[in-house]
Amino acid sequence: MQPQLRILSSELVSQIIDEAYQLLVNPGIKVQLKEARALLADAGARVEEEREVVQIPEEVARKALETVPHEFYLYNQDGEPSVHYGGDSVHFDPGSSGVNVLDAETMQHRPATTHDLIKVIKIADSLWQYDAQSTALVCSEIPKEIGDLYRLYLVLLFSKKPVVTGAFSTQNTGAMIDMLAIFAGGGDELVQKPTAVFDVCPSPPLIWSQFGSQSLIDLARAGIPAQIVSMPLAGVAAPVTLLGSVVQHAAECISGMTLHQLAKPGSPIVWGGAPAIMDMRHGTTPMGAVETAMIDAAYAQVGKTFGFPTHAYMGASDAKLVDYQAGMESSTTAMIGALAGINMISGAGMLDFLACMSSEKLLIDAEAIGMAKRMLKGMQVHTDPLAADMYEGINFKGEFLKQRITRQLLKEEQYMPSAVIDRGSHRTWQQMGATDTFTRAKAQLQDLLNTYQPPDYPKEQVAELQTKVSDLAKGAGMDKLPEF
Amino acid sequence: MDEQIYSAMAQSIIDGESEEAEKLAMQSIELGIDPLDAINHGFVVGVDHVGNLFSSGEAFLPELVMAGEAMKAAVNMLEPEMSKQGKERKILGTIVLGTIEGDIHDIGKTLVGTMLSVAGFRVFDLGVDVPIMTLIEKARTENADILGVSALLTTTMVKQRDVVEALDDIGLRSAIKVLVGGAPVTRDWAEEIGADGYSEDAVGAVVVAKELLAAKALQKE
């Protein structure tokens, strides 16, 4: 039995959904793309064209939501299903779109570069705890016009794991889909076996921007999985109450999914988000706050009530260094997300309100994820009777170590953490240099980078991808792609 | 042929298969293989392999303990043949081990014994609640290099000092090194009572035991 956190009563879930449907009518949803308003109007929504406000009756939304697939898979570049969006499956990927990295030598936050992103991709590729890659960093030396597709380019070159990504402009969505199609063996093949999911963000409160609406329509028509990242900011861009923010999240997701399904019924889409409370002392958006995680767990439960695949932004911290706060916030929220049965949990490696990525933290977070995944395996019944037979020959001696079954079942029962986690004796710890977690992560990072193996793609595919990206770079005024 | 049986012997230890190890020991006797060769070219190779895997974090305590058990089973089977041939297994040293009187904690001490015998020591584990003089008497008759005294209670820990003093009284203090261990035992305590070595875990006990033997060898020179 997979342990579960269900944070809402079924009565509350019903009320949240009810009120979300009411919000779709009053005040309605602001939809800033004309084509999107037209699609909604055709389906029976009332449109106030000059205010760009759409009122979506409950029955219109409910009908559209009927075609949302309740599950789908993301595939790796070898064509194997490796992420299951659906049910209570739980996966983790690194946080995405960080602009800075924590430099482990200077301990300063500095703008991220190509080199940093490659390092993050290699780490996520090497660790089993990460089921997918993210386009984790925005490289500062790359023109903004191609920043989104350049990240994807690096991920494709350095890892075969599926990707949680997103475009910064409508035209780049198409370019990125074309890039994915190269390794998938064609556009149709990519739709059959998608290797990426694209984040699409509504703007709180209750707004679908031109770009957001267009992305939903384009992704739906392309048949490439979309992931709604709704971000109610409790007390600022959403009601101060946690439940009020969950209602807003539901309204933003329902309206987005309705539009998406109207564009092409049956296209895969995820009920996701990155909500936060607001810290009213600093005006910041703490991702590590327990209330943030509570909103996540609650909206995931609402999404599950519909039967939709789910996503959340958890496992990140607001600390500036990889310290106790970083560990506490990251592992607590990762565990809450896992227990909530969220299909994709993004955020590992992140510090400073998702602005800064630390490679070392990504490595340490893998251990928090390892623990969370062990928790999800639950209390397993390996033997029947549970214990009695194992006392044979024990004769009141602590000699269970001598039993064959101890050796057989040890690996089933215990998650063996990497050397980043210190469980040695005090003597061993001293012999190993009396290190702290961060220092051990630095050392292990080197080992990991040394043993990393790049993907074995056919040369022609790599060349095709490089030509495509370097053409796009030239268009953005960059004559030559960085060497690596 | 010999090579084949040696590698099967090593494998039986790696797999922690006591019965298989016994069977192979028996077979080697029938084949007329020198029991010392069987140990050194066969079973010990397996023990070393598991020991290395354990050190590098690829094997865990169950593998190590089961390898130790299989090794013990094989040696027991070979011993009568060895004494018939007037041969003795080369051992690192002899250790008498026990939990001090008034204390019945067993697990840590037993683990230390297993690790030491896997490492190649001859170990006499006298069990728990062992009177001081019983420990000393056994150490004397077996000509032990090291006496290991375990205590898990602060109230029984004080008797570790009595062991050191008793050895002193009967003039054996320089001949027998005292190794102390147990949850409340610290390096400071070991120094305070004049013990020769201390370890907080079973892996460390092997390291310390080897150091004590080296020190003893120097002493003799």
# chains A, B, ... in the order shown; residues from 1 in each chain; ligands from 1
call {"tool": "interface_residues", "arguments": {"of": "chain A", "to": "chain B", "cutoff": "10 Å", "atoms": "only C-alpha atoms", "output": "count of residues only"}}
result
22
call {"tool": "select_by_dssp", "arguments": {"residues": "segment 78-140 of chain B", "states": "strand (DSSP E or B)", "output": "PyMOL selection string"}}
result
chain B and resi 94-100+122-125+130
call {"tool": "write_last_selection", "arguments": {"atoms": "C-alpha atoms", "output": "PDB file, in the first residue's frame"}}
result
ATOM      1  CA  THR B  94      44.805 -14.579  19.378  1.00  0.00           C
ATOM      2  CA  ILE B  95      42.033 -12.618  21.017  1.00  0.00           C
ATOM      3  CA  VAL B  96      39.914 -13.468  24.015  1.00  0.00           C
ATOM      4  CA  LEU B  97      36.668 -11.568  24.037  1.00  0.00           C
ATOM      5  CA  GLY B  98      33.770 -11.090  26.409  1.00  0.00           C
ATOM      6  CA  THR B  99      31.195  -8.762  27.895  1.00  0.00           C
ATOM      7  CA  ILE B 100      32.129  -7.958  31.470  1.00  0.00           C
ATOM      8  CA  ARG B 122      41.871 -16.643  16.332  1.00  0.00           C
ATOM      9  CA  VAL B 123      38.940 -15.539  18.493  1.00  0.00           C
ATOM     10  CA  PHE B 124      37.690 -16.978  21.749  1.00  0.00           C
ATOM     11  CA  ASP B 125      34.347 -15.336  22.465  1.00  0.00           C
ATOM     12  CA  VAL B 130      31.949 -13.012  32.158  1.00  0.00           C
TER      13      VAL B 130
END
call {"tool": "atom_distance", "arguments": {"atom1": "atom CA of Ser346 of chain A", "atom2": "atom CA of Phe92 of chain A"}}
result
5.9 Å
call {"tool": "closest_residue", "arguments": {"among": "B:Glu30, B:Asp37, B:Asp145, B:Gly102", "to": "Tyr6 of chain B", "atoms": "only C-alpha atoms"}}
result
B:Asp37
call {"tool": "residues_around", "arguments": {"residues": "Pro417 of chain A", "least_positions_apart": "2", "cutoff": "9 Å", "atoms": "only C-alpha atoms", "output": "VMD selection string"}}
result
chain A and resid 367 370 to 371 415 419 to 422
call {"tool": "residues_around", "arguments": {"residues": "Val60 of chain A", "least_positions_apart": "4", "cutoff": "8 Å", "atoms": "only C-alpha atoms", "output": "list of chain:residue names"}}
result
A:Ala43, A:Gly44, A:Ala45, A:Ile56, A:Ala64
call {"tool": "select_by_dssp", "arguments": {"residues": "segment 50-216 of chain B", "states": "helix (DSSP H, G or I)", "output": "ChimeraX atom specification"}}
result
/B:50-55,61-84,107-119,132-141,154-157,159-169,187-193,202-216
